[in-house]
Amino acid sequence: MRRAGLWLGAALVGAVLAMAVVSLVWTPFDPTLVTPGQRLQGPSAQHLLGTDGMGIDVFSRILIGAQTTIVVGVVSVGIAALLGVPLGMLAGQGPKWLDEIVMRLTDVAYAFPALLLAILLAARYGASPVTAMTAIGLATIPSFARVTRAGTLQVMSSDFVLAARSSGTRWAGVSVRHVLPNIAPLIGVQASVTFAMAILAEAALSYLGLSTAAIVPTWGRMLRDAQTVMFNAPLQAVWPGLAIAAAVLGFNLLGDGLRDLLDPRLREVR
């Protein structure tokens, strides 16, 4: 029962990944094929989730939307981890003044959420997937930096690290050999939680037209298109909404489950 959330999260994440992989080679219909004569049809044997306001198969668009979700999430988390983890390790191992500078910079960064950064970048460079991924990645750097700093401080007080430093091991050696392997579980949990945040942010940016092009199906854009037919065909908003909710819930449950599994203190309490 303690791992039920972990398994449920893994199943939901696996389903999203499976949809993304399958859509690379197969979709029931062309997700950009407009057929006005079949617009707003309900679920049927031919169209499992019906068709939208332009007659496009909804299930095909859901499958393609999983691709965008995974790509944006992976790139955004990658940007945040590549920048946030070294900053956190630097703050945790450096002198007090350096720690204060890094933490105050992260406090300032918290004032610029992904949506605001995306608007600023879109105004300068234009709306695109690169803009969305960059904005989400930059906005989540502080989370990685804080988690990494906390883990680094804990590891640095360990006897084996003190022994390594006493033997003359340099900062880089301590980081690579001792600190990074011991905080890797923390980083993995943070990556899972940040992935869920990235999915929500990408959906919001797509809804506002600040992410992918109009011809690229995304779950957020599907919600935007569904608002014009909300009363005539409410299922048009239900399907992408469920997809977003399932993906976010899956990554959150996976992160919580991994934290409970990898943190010995939580295992002792439970």
# chains A, B, ... in the order shown; residues from 1 in each chain; ligands from 1
>>> closest_atom_pairs(of="range 67-152 of chain A", to="range 239-248 of chain A", cutoff="12 Å", atoms="only C-alpha atoms", output="tab-separated table")
residue	atom	partner	partner_atom	distance
A:Thr68	CA	A:Ile244	CA	11.9
A:Thr69	CA	A:Ala247	CA	9.0
A:Ile70	CA	A:Ala247	CA	9.8
A:Gly73	CA	A:Ala247	CA	10.9
>>> write_last_selection(atoms="N, CA, C and O atoms", output="compact mmCIF listing (two decimals), in the first residue's frame")
# COMPACT_ATOMS: atom_id res chain seq x y z
N THR A 68 4.83 16.39 -27.84
CA THR A 68 5.22 17.75 -27.44
C THR A 68 5.42 17.84 -25.94
O THR A 68 6.38 18.46 -25.46
N THR A 69 4.52 17.20 -25.19
CA THR A 69 4.62 17.23 -23.74
C THR A 69 5.94 16.63 -23.26
O THR A 69 6.63 17.21 -22.41
N ILE A 70 6.30 15.47 -23.80
CA ILE A 70 7.52 14.80 -23.37
C ILE A 70 8.75 15.60 -23.78
O ILE A 70 9.70 15.79 -22.99
N GLY A 73 9.05 18.76 -21.69
CA GLY A 73 9.41 18.42 -20.32
C GLY A 73 10.86 18.01 -20.19
O GLY A 73 11.57 18.46 -19.28
>>> residues_around(residues="Val75 in chain A", least_positions_apart="6", cutoff="12 Å", atoms="only C-alpha atoms", output="list of chain:residue names")
A:Thr68, A:Thr69, A:Ala81, A:Leu82, A:Pro129, A:Val130, A:Thr131, A:Ala132, A:Met133, A:Thr134, A:Ala135, A:Ile136, A:Gly137, A:Leu138, A:Thr140, A:Ala191, A:Thr194, A:Phe195, A:Ala198, A:Ile199, A:Glu202
>>> write_last_selection(atoms="C-alpha atoms", output="PDB file, in the first residue's frame")
ATOM      1  CA  THR A  68       5.215  17.745 -27.444  1.00  0.00           C
ATOM      2  CA  THR A  69       4.624  17.231 -23.739  1.00  0.00           C
ATOM      3  CA  ALA A  81      19.209  20.537 -13.908  1.00  0.00           C
ATOM      4  CA  LEU A  82      22.318  21.453 -15.909  1.00  0.00           C
ATOM      5  CA  PRO A 129       8.822  25.725 -28.737  1.00  0.00           C
ATOM      6  CA  VAL A 130      12.365  26.917 -28.004  1.00  0.00           C
ATOM      7  CA  THR A 131      10.961  29.981 -26.249  1.00  0.00           C
ATOM      8  CA  ALA A 132       8.629  27.855 -24.141  1.00  0.00           C
ATOM      9  CA  MET A 133      11.287  25.305 -23.193  1.00  0.00           C
ATOM     10  CA  THR A 134      13.821  28.001 -22.335  1.00  0.00           C
ATOM     11  CA  ALA A 135      11.327  29.894 -20.193  1.00  0.00           C
ATOM     12  CA  ILE A 136      10.224  26.790 -18.289  1.00  0.00           C
ATOM     13  CA  GLY A 137      13.815  25.653 -17.801  1.00  0.00           C
ATOM     14  CA  LEU A 138      15.031  29.014 -16.509  1.00  0.00           C
ATOM     15  CA  THR A 140      12.727  26.004 -12.515  1.00  0.00           C
ATOM     16  CA  ALA A 191      13.270  16.122 -11.839  1.00  0.00           C
ATOM     17  CA  THR A 194       9.606  19.558 -12.087  1.00  0.00           C
ATOM     18  CA  PHE A 195       8.467  17.519 -15.096  1.00  0.00           C
ATOM     19  CA  ALA A 198       6.682  21.735 -16.956  1.00  0.00           C
ATOM     20  CA  ILE A 199       3.643  19.918 -18.350  1.00  0.00           C
ATOM     21  CA  GLU A 202       3.587  24.067 -21.453  1.00  0.00           C
TER      22      GLU A 202
END
>>> residues_around(residues="Ala127 in chain A", least_positions_apart="6", cutoff="8 Å", atoms="only C-alpha atoms", output="PyMOL selection string")
chain A and resi 121+209-212
>>> write_last_selection(atoms="C-alpha atoms", output="CSV table (one decimal), in the first residue's frame")
chain,number,residue,atom,x,y,z
A,121,LEU,CA,11.0,36.0,-24.5
A,209,GLY,CA,-0.4,30.7,-28.2
A,210,LEU,CA,3.2,31.1,-26.8
A,211,SER,CA,4.5,27.6,-27.5
A,212,THR,CA,4.2,25.6,-30.7
>>> residues_around(residues="Leu223 in chain A", least_positions_apart="3", cutoff="7 Å", atoms="only C-alpha atoms", output="ChimeraX atom specification")
/A:207,219-220,226-227,237,240
>>> atom_distance(atom1="CA of Leu258 in chain A", atom2="CA of Leu6 in chain A")
6.9 Å
>>> select_by_dssp(residues="range 152-225 of chain A", states="alpha helix (DSSP H)", output="number ranges by chain")
A: 152-156, 159-166, 171-174, 180-207, 219-225
>>> write_last_selection(atoms="C-alpha atoms", output="PDB file, in the first residue's frame")
ATOM      1  CA  THR A 152      25.209  18.984  -0.538  1.00  0.00           C
ATOM      2  CA  LEU A 153      25.305  20.504   2.942  1.00  0.00           C
ATOM      3  CA  GLN A 154      24.167  17.198   4.415  1.00  0.00           C
ATOM      4  CA  VAL A 155      26.740  15.169   2.491  1.00  0.00           C
ATOM      5  CA  MET A 156      29.576  17.610   3.260  1.00  0.00           C
ATOM      6  CA  ASP A 159      32.831  11.535   7.800  1.00  0.00           C
ATOM      7  CA  PHE A 160      33.911  10.177   4.421  1.00  0.00           C
ATOM      8  CA  VAL A 161      33.773  13.650   2.878  1.00  0.00           C
ATOM      9  CA  LEU A 162      35.726  15.141   5.772  1.00  0.00           C
ATOM     10  CA  ALA A 163      38.320  12.409   5.304  1.00  0.00           C
ATOM     11  CA  ALA A 164      38.543  13.095   1.567  1.00  0.00           C
ATOM     12  CA  ARG A 165      39.033  16.805   2.144  1.00  0.00           C
ATOM     13  CA  SER A 166      41.659  16.119   4.813  1.00  0.00           C
ATOM     14  CA  TRP A 171      36.621  20.566  -4.727  1.00  0.00           C
ATOM     15  CA  ALA A 172      35.940  19.013  -8.126  1.00  0.00           C
ATOM     16  CA  GLY A 173      36.980  15.579  -6.941  1.00  0.00           C
ATOM     17  CA  VAL A 174      34.779  15.749  -3.844  1.00  0.00           C
ATOM     18  CA  LEU A 180      26.928  14.002  -6.747  1.00  0.00           C
ATOM     19  CA  PRO A 181      26.406  10.213  -6.300  1.00  0.00           C
ATOM     20  CA  ASN A 182      24.838  10.763  -2.878  1.00  0.00           C
ATOM     21  CA  ILE A 183      22.444  13.510  -3.957  1.00  0.00           C
ATOM     22  CA  ALA A 184      21.476  11.816  -7.235  1.00  0.00           C
ATOM     23  CA  PRO A 185      18.238  10.394  -5.713  1.00  0.00           C
ATOM     24  CA  LEU A 186      17.223  13.898  -4.587  1.00  0.00           C
ATOM     25  CA  ILE A 187      17.866  15.249  -8.065  1.00  0.00           C
ATOM     26  CA  GLY A 188      15.847  12.425  -9.614  1.00  0.00           C
ATOM     27  CA  VAL A 189      12.862  13.161  -7.375  1.00  0.00           C
ATOM     28  CA  GLN A 190      13.110  16.871  -8.116  1.00  0.00           C
ATOM     29  CA  ALA A 191      13.270  16.122 -11.839  1.00  0.00           C
ATOM     30  CA  SER A 192      10.046  14.122 -11.651  1.00  0.00           C
ATOM     31  CA  VAL A 193       8.216  16.873  -9.768  1.00  0.00           C
ATOM     32  CA  THR A 194       9.606  19.558 -12.087  1.00  0.00           C
ATOM     33  CA  PHE A 195       8.467  17.519 -15.096  1.00  0.00           C
ATOM     34  CA  ALA A 196       4.901  17.761 -13.806  1.00  0.00           C
ATOM     35  CA  MET A 197       5.274  21.531 -13.430  1.00  0.00           C
ATOM     36  CA  ALA A 198       6.682  21.735 -16.956  1.00  0.00           C
ATOM     37  CA  ILE A 199       3.643  19.918 -18.350  1.00  0.00           C
ATOM     38  CA  LEU A 200       1.294  22.422 -16.735  1.00  0.00           C
ATOM     39  CA  ALA A 201       3.410  25.359 -17.874  1.00  0.00           C
ATOM     40  CA  GLU A 202       3.587  24.067 -21.453  1.00  0.00           C
ATOM     41  CA  ALA A 203      -0.177  23.568 -21.523  1.00  0.00           C
ATOM     42  CA  ALA A 204      -0.715  27.118 -20.285  1.00  0.00           C
ATOM     43  CA  LEU A 205       1.718  28.546 -22.844  1.00  0.00           C
ATOM     44  CA  SER A 206       0.096  26.542 -25.649  1.00  0.00           C
ATOM     45  CA  TYR A 207      -3.309  27.789 -24.535  1.00  0.00           C
ATOM     46  CA  TRP A 219      -3.039  19.492 -25.265  1.00  0.00           C
ATOM     47  CA  GLY A 220      -3.103  23.149 -24.250  1.00  0.00           C
ATOM     48  CA  ARG A 221      -4.057  24.276 -27.746  1.00  0.00           C
ATOM     49  CA  MET A 222      -6.789  21.646 -27.847  1.00  0.00           C
ATOM     50  CA  LEU A 223      -8.265  23.211 -24.721  1.00  0.00           C
ATOM     51  CA  ARG A 224      -8.086  26.607 -26.360  1.00  0.00           C
ATOM     52  CA  ASP A 225      -9.876  25.327 -29.469  1.00  0.00           C
TER      53      ASP A 225
END
>>> residues_around(residues="Asp99 in chain A", least_positions_apart="6", cutoff="10 Å", atoms="only C-alpha atoms", output="list of chain:residue names")
A:Leu87, A:Gly88, A:Met89, A:Leu90, A:Ala91, A:Gly92, A:Gln93, A:Leu105, A:Arg149
>>> closest_residue(among="A:Pro217, A:Leu83, A:Ile119, A:Pro95", to="Ser23 in chain A", atoms="only C-alpha atoms")
A:Pro217
>>> atom_distance(atom1="CA of Thr218 in chain A", atom2="CA of Asp30 in chain A")
14.3 Å
>>> atom_distance(atom1="CA of Asn252 in chain A", atom2="CA of Ser128 in chain A")
26.6 Å
>>> closest_residue(among="A:Leu249, A:Ala80, A:Leu208, A:Phe231", to="Ala122 in chain A", atoms="only C-alpha atoms")
A:Leu208
>>> residues_around(residues="Arg39 in chain A", least_positions_apart="2", cutoff="12 Å", atoms="only C-alpha atoms", output="CSV table (one decimal) with N, CA and C atoms, in the first residue's frame")
chain,number,residue,atom,x,y,z
A,33,LEU,N,-5.4,16.7,-40.8
A,33,LEU,CA,-6.4,16.6,-41.9
A,33,LEU,C,-7.7,17.2,-41.5
A,34,VAL,N,-8.1,18.3,-42.2
A,34,VAL,CA,-9.4,18.9,-41.9
A,34,VAL,C,-10.5,18.3,-42.7
A,35,THR,N,-11.6,17.8,-42.1
A,35,THR,CA,-12.7,17.3,-42.8
A,35,THR,C,-14.0,17.9,-42.2
A,36,PRO,N,-14.4,19.0,-42.8
A,36,PRO,CA,-15.6,19.8,-42.3
A,36,PRO,C,-16.8,18.9,-42.2
A,37,GLY,N,-17.0,17.9,-43.1
A,37,GLY,CA,-18.2,17.1,-43.0
A,37,GLY,C,-18.3,16.2,-41.8
A,41,GLN,N,-18.1,15.2,-34.2
A,41,GLN,CA,-18.7,13.9,-34.0
A,41,GLN,C,-18.3,13.3,-32.7
A,42,GLY,N,-19.2,12.6,-32.1
A,42,GLY,CA,-19.0,11.9,-30.8
A,42,GLY,C,-18.1,10.7,-30.9
A,43,PRO,N,-17.7,10.1,-29.8
A,43,PRO,CA,-16.9,8.9,-29.9
A,43,PRO,C,-17.6,7.8,-30.7
A,47,HIS,N,-13.9,6.9,-34.9
A,47,HIS,CA,-13.1,8.0,-34.1
A,47,HIS,C,-13.3,7.7,-32.6
A,50,GLY,N,-14.0,10.9,-30.9
A,50,GLY,CA,-14.7,11.9,-31.7
A,50,GLY,C,-13.8,12.7,-32.6
A,51,THR,N,-14.4,13.8,-33.1
A,51,THR,CA,-13.7,14.8,-33.9
A,51,THR,C,-13.9,16.2,-33.3
A,52,ASP,N,-13.0,17.1,-33.7
A,52,ASP,CA,-13.1,18.4,-33.1
A,52,ASP,C,-13.9,19.3,-34.1
A,53,GLY,N,-13.8,20.6,-33.8
A,53,GLY,CA,-14.5,21.6,-34.6
A,53,GLY,C,-14.1,21.7,-36.1
A,54,MET,N,-13.0,21.1,-36.4
A,54,MET,CA,-12.6,21.1,-37.8
A,54,MET,C,-12.6,19.7,-38.5
A,55,GLY,N,-13.2,18.8,-37.7
A,55,GLY,CA,-13.3,17.4,-38.2
A,55,GLY,C,-12.1,16.6,-38.1
A,56,ILE,N,-11.1,17.0,-37.3
A,56,ILE,CA,-9.9,16.3,-37.1
A,56,ILE,C,-10.1,15.3,-36.0
A,57,ASP,N,-9.5,14.1,-36.1
A,57,ASP,CA,-9.6,13.0,-35.1
A,57,ASP,C,-9.0,13.5,-33.8
A,58,VAL,N,-9.7,13.4,-32.7
A,58,VAL,CA,-9.2,13.9,-31.4
A,58,VAL,C,-8.2,13.0,-30.9
A,229,VAL,N,-16.5,25.7,-28.6
A,229,VAL,CA,-17.6,24.7,-28.7
A,229,VAL,C,-18.0,24.0,-27.4
A,232,ASN,N,-21.7,23.0,-27.0
A,232,ASN,CA,-22.2,22.1,-28.0
A,232,ASN,C,-21.5,20.7,-27.9
A,233,ALA,N,-20.2,20.7,-27.6
A,233,ALA,CA,-19.4,19.5,-27.5
A,233,ALA,C,-18.5,19.6,-26.3
A,236,GLN,N,-14.9,17.9,-26.0
A,236,GLN,CA,-13.7,18.4,-26.7
A,236,GLN,C,-12.7,19.0,-25.7
>>> decode(residues="range 70-106 of chain A", atoms="N, CA, C and O atoms", output="CSV table (one decimal), in the first residue's frame")
chain,number,residue,atom,x,y,z
A,70,ILE,N,6.3,15.5,-23.8
A,70,ILE,CA,7.5,14.8,-23.4
A,70,ILE,C,8.8,15.6,-23.8
A,70,ILE,O,9.7,15.8,-23.0
A,71,VAL,N,8.8,16.1,-25.0
A,71,VAL,CA,10.0,16.8,-25.5
A,71,VAL,C,10.2,18.1,-24.7
A,71,VAL,O,11.3,18.4,-24.2
A,72,VAL,N,9.1,18.9,-24.5
A,72,VAL,CA,9.2,20.1,-23.7
A,72,VAL,C,9.6,19.8,-22.3
A,72,VAL,O,10.5,20.5,-21.7
A,73,GLY,N,9.1,18.8,-21.7
A,73,GLY,CA,9.4,18.4,-20.3
A,73,GLY,C,10.9,18.0,-20.2
A,73,GLY,O,11.6,18.5,-19.3
A,74,VAL,N,11.3,17.2,-21.1
A,74,VAL,CA,12.7,16.7,-21.0
A,74,VAL,C,13.7,17.8,-21.2
A,74,VAL,O,14.7,18.0,-20.4
A,75,VAL,N,13.5,18.7,-22.2
A,75,VAL,CA,14.4,19.8,-22.5
A,75,VAL,C,14.4,20.8,-21.3
A,75,VAL,O,15.4,21.3,-20.9
A,76,SER,N,13.2,21.1,-20.8
A,76,SER,CA,13.1,22.1,-19.7
A,76,SER,C,13.8,21.6,-18.5
A,76,SER,O,14.5,22.3,-17.8
A,77,VAL,N,13.5,20.3,-18.1
A,77,VAL,CA,14.1,19.7,-16.9
A,77,VAL,C,15.6,19.7,-17.1
A,77,VAL,O,16.4,19.9,-16.2
A,78,GLY,N,16.1,19.3,-18.3
A,78,GLY,CA,17.5,19.3,-18.6
A,78,GLY,C,18.2,20.6,-18.4
A,78,GLY,O,19.3,20.7,-17.8
A,79,ILE,N,17.5,21.7,-18.9
A,79,ILE,CA,18.1,23.0,-18.8
A,79,ILE,C,18.2,23.4,-17.3
A,79,ILE,O,19.2,23.9,-16.8
A,80,ALA,N,17.1,23.1,-16.5
A,80,ALA,CA,17.1,23.5,-15.1
A,80,ALA,C,18.1,22.7,-14.3
A,80,ALA,O,18.8,23.2,-13.4
A,81,ALA,N,18.3,21.4,-14.6
A,81,ALA,CA,19.2,20.5,-13.9
A,81,ALA,C,20.7,20.9,-14.2
A,81,ALA,O,21.5,21.0,-13.3
A,82,LEU,N,20.9,21.1,-15.5
A,82,LEU,CA,22.3,21.5,-15.9
A,82,LEU,C,22.8,22.8,-15.3
A,82,LEU,O,24.0,22.9,-15.1
A,83,LEU,N,21.9,23.7,-15.1
A,83,LEU,CA,22.3,25.0,-14.5
A,83,LEU,C,22.1,25.0,-12.9
A,83,LEU,O,22.9,25.6,-12.2
A,84,GLY,N,21.0,24.4,-12.5
A,84,GLY,CA,20.7,24.5,-11.1
A,84,GLY,C,21.5,23.6,-10.2
A,84,GLY,O,21.9,24.0,-9.1
A,85,VAL,N,21.8,22.4,-10.7
A,85,VAL,CA,22.6,21.4,-9.8
A,85,VAL,C,24.0,22.0,-9.6
A,85,VAL,O,24.5,22.0,-8.4
A,86,PRO,N,24.8,22.4,-10.6
A,86,PRO,CA,26.1,23.0,-10.2
A,86,PRO,C,26.0,24.2,-9.3
A,86,PRO,O,26.9,24.4,-8.4
A,87,LEU,N,25.0,25.1,-9.5
A,87,LEU,CA,24.8,26.2,-8.6
A,87,LEU,C,24.6,25.8,-7.2
A,87,LEU,O,25.2,26.3,-6.2
A,88,GLY,N,23.7,24.8,-7.0
A,88,GLY,CA,23.5,24.3,-5.7
A,88,GLY,C,24.7,23.7,-5.0
A,88,GLY,O,24.9,23.9,-3.8
A,89,MET,N,25.5,22.9,-5.8
A,89,MET,CA,26.7,22.3,-5.2
A,89,MET,C,27.7,23.4,-4.9
A,89,MET,O,28.4,23.3,-3.9
A,90,LEU,N,27.8,24.4,-5.7
A,90,LEU,CA,28.7,25.5,-5.5
A,90,LEU,C,28.3,26.2,-4.2
A,90,LEU,O,29.2,26.6,-3.4
A,91,ALA,N,27.0,26.5,-4.0
A,91,ALA,CA,26.6,27.1,-2.8
A,91,ALA,C,26.8,26.3,-1.5
A,91,ALA,O,27.2,26.8,-0.5
A,92,GLY,N,26.6,25.0,-1.7
A,92,GLY,CA,26.8,24.1,-0.5
A,92,GLY,C,28.2,23.9,-0.1
A,92,GLY,O,28.5,23.5,1.1
A,93,GLN,N,29.1,24.0,-1.0
A,93,GLN,CA,30.5,23.7,-0.7
A,93,GLN,C,31.4,25.0,-0.6
A,93,GLN,O,32.5,24.9,-0.1
A,94,GLY,N,30.9,26.1,-1.2
A,94,GLY,CA,31.7,27.3,-1.2
A,94,GLY,C,31.6,28.0,0.2
A,94,GLY,O,31.0,27.6,1.1
A,95,PRO,N,32.3,29.2,0.2
A,95,PRO,CA,32.3,30.0,1.4
A,95,PRO,C,30.9,30.6,1.7
A,95,PRO,O,30.0,30.6,0.8
A,96,LYS,N,30.7,31.1,2.9
A,96,LYS,CA,29.4,31.6,3.3
A,96,LYS,C,28.9,32.8,2.4
A,96,LYS,O,27.7,32.8,2.0
A,97,TRP,N,29.8,33.6,2.0
A,97,TRP,CA,29.4,34.8,1.2
A,97,TRP,C,28.9,34.3,-0.2
A,97,TRP,O,28.0,34.9,-0.8
A,98,LEU,N,29.5,33.3,-0.7
A,98,LEU,CA,29.1,32.7,-2.0
A,98,LEU,C,27.7,32.1,-1.9
A,98,LEU,O,26.9,32.2,-2.8
A,99,ASP,N,27.5,31.3,-0.8
A,99,ASP,CA,26.2,30.7,-0.5
A,99,ASP,C,25.1,31.8,-0.5
A,99,ASP,O,24.1,31.6,-1.1
A,100,GLU,N,25.4,32.9,0.2
A,100,GLU,CA,24.4,33.9,0.3
A,100,GLU,C,24.1,34.5,-1.1
A,100,GLU,O,22.9,34.8,-1.4
A,101,ILE,N,25.1,34.8,-1.9
A,101,ILE,CA,24.9,35.3,-3.2
A,101,ILE,C,24.0,34.4,-4.1
A,101,ILE,O,23.0,34.8,-4.7
A,102,VAL,N,24.3,33.1,-4.1
A,102,VAL,CA,23.6,32.2,-4.9
A,102,VAL,C,22.1,32.1,-4.4
A,102,VAL,O,21.2,32.1,-5.2
A,103,MET,N,21.9,32.0,-3.1
A,103,MET,CA,20.6,31.9,-2.6
A,103,MET,C,19.7,33.2,-2.9
A,103,MET,O,18.6,33.1,-3.1
A,104,ARG,N,20.4,34.3,-2.8
A,104,ARG,CA,19.6,35.5,-3.1
A,104,ARG,C,19.3,35.6,-4.6
A,104,ARG,O,18.2,36.1,-4.9
A,105,LEU,N,20.2,35.1,-5.4
A,105,LEU,CA,19.9,35.1,-6.8
A,105,LEU,C,18.7,34.2,-7.1
A,105,LEU,O,17.9,34.5,-8.0
A,106,THR,N,18.6,33.1,-6.4
A,106,THR,CA,17.5,32.2,-6.6
A,106,THR,C,16.2,32.8,-6.1
A,106,THR,O,15.1,32.6,-6.7
